[in-house]
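Down below is the structure, laid out as structure tokens.
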Amino acid sequence: MGIFYFVAFLSIFFALMTIFTKNPVHSVLYLVITFFTFTIHYILLNAQFLAVVNFIVYMGAIMVLFLFVLMLLNLNKDTEPMKSTLVKVIGAIAGMCLLATFLGAFRVLEGQGELVTGNTDVGLVKNLGKVLFDEFLLPFELSSILLLTAMVGAILLAKKETKEG
Amino acid sequence: MGAIITLSLLGILVLYLGLYKAKSLLLPVTMLGLLLALGFEIAAWNTGEAPIYNGMVLFDNFALAFSIVCIFITGLVLLLSKEYFSSISKNVAEYYCLILFSLSGALMVCSYHNFAMLFVGIEVMSVALYILVGIRKSDFSSNEAALKYFLMGAFSTGFLLFGITLLYGATGTFDITGVKNYLLSNPTTISPLFYGGILLLLVGLLFKIGAAPFHFWTPDVYDGAPILITTYMSTVVKVASFAGFIKLFSYVFAPLQDFWTPVLLVIIVVTLFIGNITAMKQTSFKRMLAYSSISHAGYMLFAIISLGANANSSILVYGLAYSLASVAAFAGLILVKRSHGSDQFIAFDGLGKTNPLLALVITVAMLSLAGIPLTAGFIGKFMLFSGAMADYHVILLVMAVINAAIGIFYYLRVVVHMYFYPSTVGQDTLVVPVSFNVVLIITLLLTVLVGVYPNCIISLL
């Protein structure tokens with residue numbers, strides 16, 4: 001339990017650093033660390049597959065992409081659009097309302113004191129594969145349309161328009 | 001299931017046709033495929049009693065009816081596309097392919113029986129749209145619309161997913177019957193997570209249908225997207241989202257009606273007023289239709305507030321009526337814009353003299369949108385309002401009637417422009433292609449048919 005609280009503290013700390021730091025590159029680096037703490041959470045939960053995927057895809061691929069975009073866009077303070085104070089205040093109030101609702105819900109839940117332990121081995125690759133290719137086969141297959149759509153779209157939008165010859 | 005498989009394969013086939021430069025085949029093949037899918041849906045009528053594929057999808061008459069409407073409206077939209085797509089981009093095959101993929105997503109949303117399917121369906125439907133909206137690469141407003149839609153859509157998907165997660169945390173299942181049984185077996189000890197889950201799901205779904213206060217993307221996206229894509233978005237996508245929405249709330253969350261009714265009531269009133277009052281101030285026909293689609297989302301939410309025996313069929317009728325009228329209105333807009341180069345109201349001046357048929361169809365479409373008797377829109381509004389009346393939501397009804405009156409004002413404005421203003425330059429060159437005439441006449445006939453003899457649709461569900 002001690003490890004959990006320590007890692008949870010780190011997650012929240014680095015998540016806050018992500019949004020409070022001024023420099024966008026630092027912000028992305030903090031986000032990488034946040035994702036790394038999530039990976040530790042997954043390992044603690046015995047969800048090995050998720051941990052590996054999170055490590056490779058999110059921390060590795062997506063975050064590098066983020067950094068590249070930031071470098072290419074060359075964002076700095078001058079280009080950041082000014083947000084009015086009103087918008088900031090409204091955003092803060094809305095976010096806090098959401099947070100308060102969920103904290104309340106989790107608080108009540110804790111009071112009920114029943115601890116449900118499901119199948120702790122479900123996060124292993126073998127078991128996950130069995131669920132994915134048996135019970136959830138249809139959504140798994142249909143998500144191929146999703147990937148195909150995204151591929152067609154990416155190529156369509158990124159391809160250079162050839163001049164009519 | 002046959003229809004979903006057909007449409008997915010059809011999309012790939014169309015891509016190959018594009019690869020081999022068989023451009024003239026694209027439309028006929030697509031229409032044939034749609035007909036085949038329609039045939040599969042009709043053949044499955046009255047056969048789907050139990051969910052199939054481990055409880056993933058359920059093809060009951062409810063799902064089939066909404067699927068048929070989606071396929072039919074897509075067919076009408078594609079009939080309009082013949083010259084339209086090639087005039088704005090050279091990648092015509094990708095257009096058809098993405099629309100077909102998006103349609104297969106819409107069918108999944110109509111027939112899901114598991115939250116995993118709902119999520120995959122909504123994503124397939126939306127991802128294709130993000131691309132379609134931004135397909136005019138050199139057009140600034142199209143780019144802006146695509147980026148805006150993508151960012152907001154991804155954000156709302158996050159809410160949807162978080163809601164599903166919380167529901168799973170409370171019930172331990174993704175199956176909607178399982179969630180329903182959880183509610184029925186623990187009426188007093190429902191986990192607090194469940195309420196949070198409902199609210200987040202509500203946010204995600206309200207975003208997809210474009211109801212206030214989650215409507216900010218709607219006017220810009222509808223305005224910036226190519227007109228045909230706007231037509232597709234405001235008809236098929238909206239009907240499918242509503243099918244998913246009402247299935248979830250009438251089948252699963254109905255026991256908790258006291259919890260979410262006040263939330264929806266506020267949302268409906270805000271949606272109606274924002275949609276109608278801003279629509280009144282528009283000078284562009286396209287933007288007016290975008291705002292009016294917000295207000296129509298508000299009217300359709302009535303069915304969810306008053307879940308009665310007629311809720312499903314009233315949403316079906318209203319969705320069909322609204323889709324037919326929108327297709328007719330947008331088809332008119334395409335023609336007028338092509339000859340006149342503008343989508344303002346003044347572009348419609350004198351259309352009643354120069355092109356009586358087009359003016360007649362647009363007039364009937366506007367009357368249907370406004371809810372004037374003898375059109376399909378009236379039947380839809382009547383069913384929704386009487387459903388709300390049966391639940392004694394009197395104040396809501398008063399608000400709705402005020403809004404319907406506002407609606408008549410701005411819908412009739414374009415009619416006034418068509419018949420009572422002298423025509424300006426450019427109207428004489430307006431030619432109506434055969435495919436447009438076919439679509440216009442089909443929408444006109446169906447609008448009047450449903451308006452005069454609504455039982456042909458109501459008795460289906």
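By convention in this document, the chains of the structure tokens carry letters A, B, ... by their order, each chain's residues are numbered from 1, and ligands are numbered from 1 in the order they are shown.
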Residue contacts of Phe242 of chain B (10 Å, only C-alpha atoms) excluding same-chain residues fewer than 5 positions away, as a PyMOL selection string: chain B and resi 66+109-110+205-206+208-209+236-237+247-248+297+300-301+303-304+312+315-316+319
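Those residues that approach Leu369 of chain B to within 7 Å, counting only C-alpha atoms, are B:Tyr322, B:Ala325, B:Ala365, B:Met366, B:Gly377; same-chain residues fewer than 3 positions away are not listed.
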Resulting file, chosen residues, N, CA and C atoms, as a PDB file, in the first residue's frame:
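Result file result20.pdb:
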```
ATOM      1  N   TYR B 322     -37.197  15.481 -40.143  1.00  0.00           N
ATOM      2  CA  TYR B 322     -36.143  16.491 -40.106  1.00  0.00           C
ATOM      3  C   TYR B 322     -35.089  16.190 -41.175  1.00  0.00           C
ATOM      4  N   ALA B 325     -36.433  17.003 -44.722  1.00  0.00           N
ATOM      5  CA  ALA B 325     -36.503  18.444 -44.954  1.00  0.00           C
ATOM      6  C   ALA B 325     -35.102  19.014 -45.104  1.00  0.00           C
ATOM      7  N   ALA B 365     -40.158  21.961 -47.448  1.00  0.00           N
ATOM      8  CA  ALA B 365     -39.146  21.586 -46.456  1.00  0.00           C
ATOM      9  C   ALA B 365     -39.161  22.551 -45.289  1.00  0.00           C
ATOM     10  N   MET B 366     -39.271  23.846 -45.594  1.00  0.00           N
ATOM     11  CA  MET B 366     -39.285  24.845 -44.523  1.00  0.00           C
ATOM     12  C   MET B 366     -40.535  24.688 -43.663  1.00  0.00           C
ATOM     13  N   GLY B 377     -43.015  17.124 -40.515  1.00  0.00           N
ATOM     14  CA  GLY B 377     -42.521  17.810 -39.332  1.00  0.00           C
ATOM     15  C   GLY B 377     -43.605  18.055 -38.299  1.00  0.00           C
TER      16      GLY B 377
END
```
Could you list the residues in chain B lying within 6 Å of chain A, using only C-alpha atoms, and format the result as a PyMOL selection string? chain B and resi 54+117+124+131+192-193
Write the selection just made, keeping C-alpha atoms, as a compact mmCIF listing (two decimals), in the first residue's frame?
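Produced file out-v6.txt, reproduced below:
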```
# COMPACT_ATOMS: atom_id res chain seq x y z
CA ASN B 54 -21.90 -12.69 -27.03
CA MET B 117 -19.89 -1.49 -29.34
CA VAL B 124 -15.98 5.05 -36.40
CA ILE B 131 -11.66 13.95 -42.10
CA PRO B 192 -22.58 6.78 -6.27
CA LEU B 193 -20.21 6.08 -9.14
```
Between atom CA of Pro213 of chain B and atom CA of Phe409 of chain B, what is the spacing in Å? 23.7 Å
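The space between atom CA of Ser142 of chain B and atom CA of Ala225 of chain B spans 5.3 Å.
Here atom CA of Tyr291 of chain B stands at a distance of 27.3 Å from atom CA of Lys82 of chain B.
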Near Val25 of chain A, within 10 Å and counting only C-alpha atoms, which residues show up once chain neighbours fewer than 5 positions away are dropped, as an NGL selection string? :A and (18 or 30-31 or 66-68 or 70-71 or 75-76)
From segment 15-164 of chain A, collect each residue whose DSSP state is helix (DSSP H, G or I) and return the set as a ChimeraX atom specification. /A:15-20,24-44,48-73,77-79,85-112,125-134,137-158
Write out as a list of chain:residue names the residues lying within 12 Å of Ile395 of chain B, counting only C-alpha atoms and excluding same-chain residues fewer than 5 positions away. B:Leu265, B:Val266, B:Ile268, B:Val269, B:Phe385, B:Ala388, B:Met389, B:Ala400, B:Val401, B:Ile402
Keeping only N, CA and C atoms, write the selected residues as a compact mmCIF listing (two decimals), in the first residue's frame.
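Contents of selection-v9.txt, as written:
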```txt
# COMPACT_ATOMS: atom_id res chain seq x y z
N LEU B 265 -34.16 18.63 -18.52
CA LEU B 265 -35.13 19.72 -18.68
C LEU B 265 -34.40 21.03 -18.90
N VAL B 266 -33.42 21.32 -18.04
CA VAL B 266 -32.67 22.56 -18.19
C VAL B 266 -31.99 22.60 -19.55
N ILE B 268 -32.80 21.11 -22.31
CA ILE B 268 -33.75 21.31 -23.41
C ILE B 268 -34.12 22.78 -23.55
N VAL B 269 -34.46 23.41 -22.41
CA VAL B 269 -34.91 24.80 -22.49
C VAL B 269 -33.78 25.67 -23.03
N PHE B 385 -44.67 16.54 -28.59
CA PHE B 385 -45.34 17.43 -27.64
C PHE B 385 -46.41 16.68 -26.85
N ALA B 388 -44.82 14.76 -24.15
CA ALA B 388 -44.44 15.61 -23.01
C ALA B 388 -45.68 16.02 -22.22
N MET B 389 -46.80 16.23 -22.94
CA MET B 389 -48.05 16.62 -22.28
C MET B 389 -48.52 15.51 -21.36
N ALA B 400 -41.66 25.41 -25.44
CA ALA B 400 -41.48 24.80 -26.76
C ALA B 400 -42.37 25.48 -27.79
N VAL B 401 -43.61 25.83 -27.37
CA VAL B 401 -44.52 26.47 -28.33
C VAL B 401 -44.01 27.85 -28.70
N ILE B 402 -43.49 28.59 -27.69
CA ILE B 402 -42.90 29.90 -28.00
C ILE B 402 -41.79 29.73 -29.03
```
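The closest residue to Arg287 of chain B, picked from B:Leu333, B:Leu118, B:Val448, B:Leu147 and counting only C-alpha atoms, is B:Leu333.
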Shell of 12 Å around Ala290 of chain B, only C-alpha atoms, local chain residues under 4 positions omitted, as a PyMOL selection string: chain B and resi 210-211+215-225+227+230-231+233-235+274-276+278-280+282+284-286+294-297+326+329-330
Might you pull out every residue within 12 Å of Ser423 of chain B, with only C-alpha atoms counted and same-chain residues fewer than 3 positions away left off, and present them as number ranges by chain? B: 340, 346-355, 417-420, 426-428
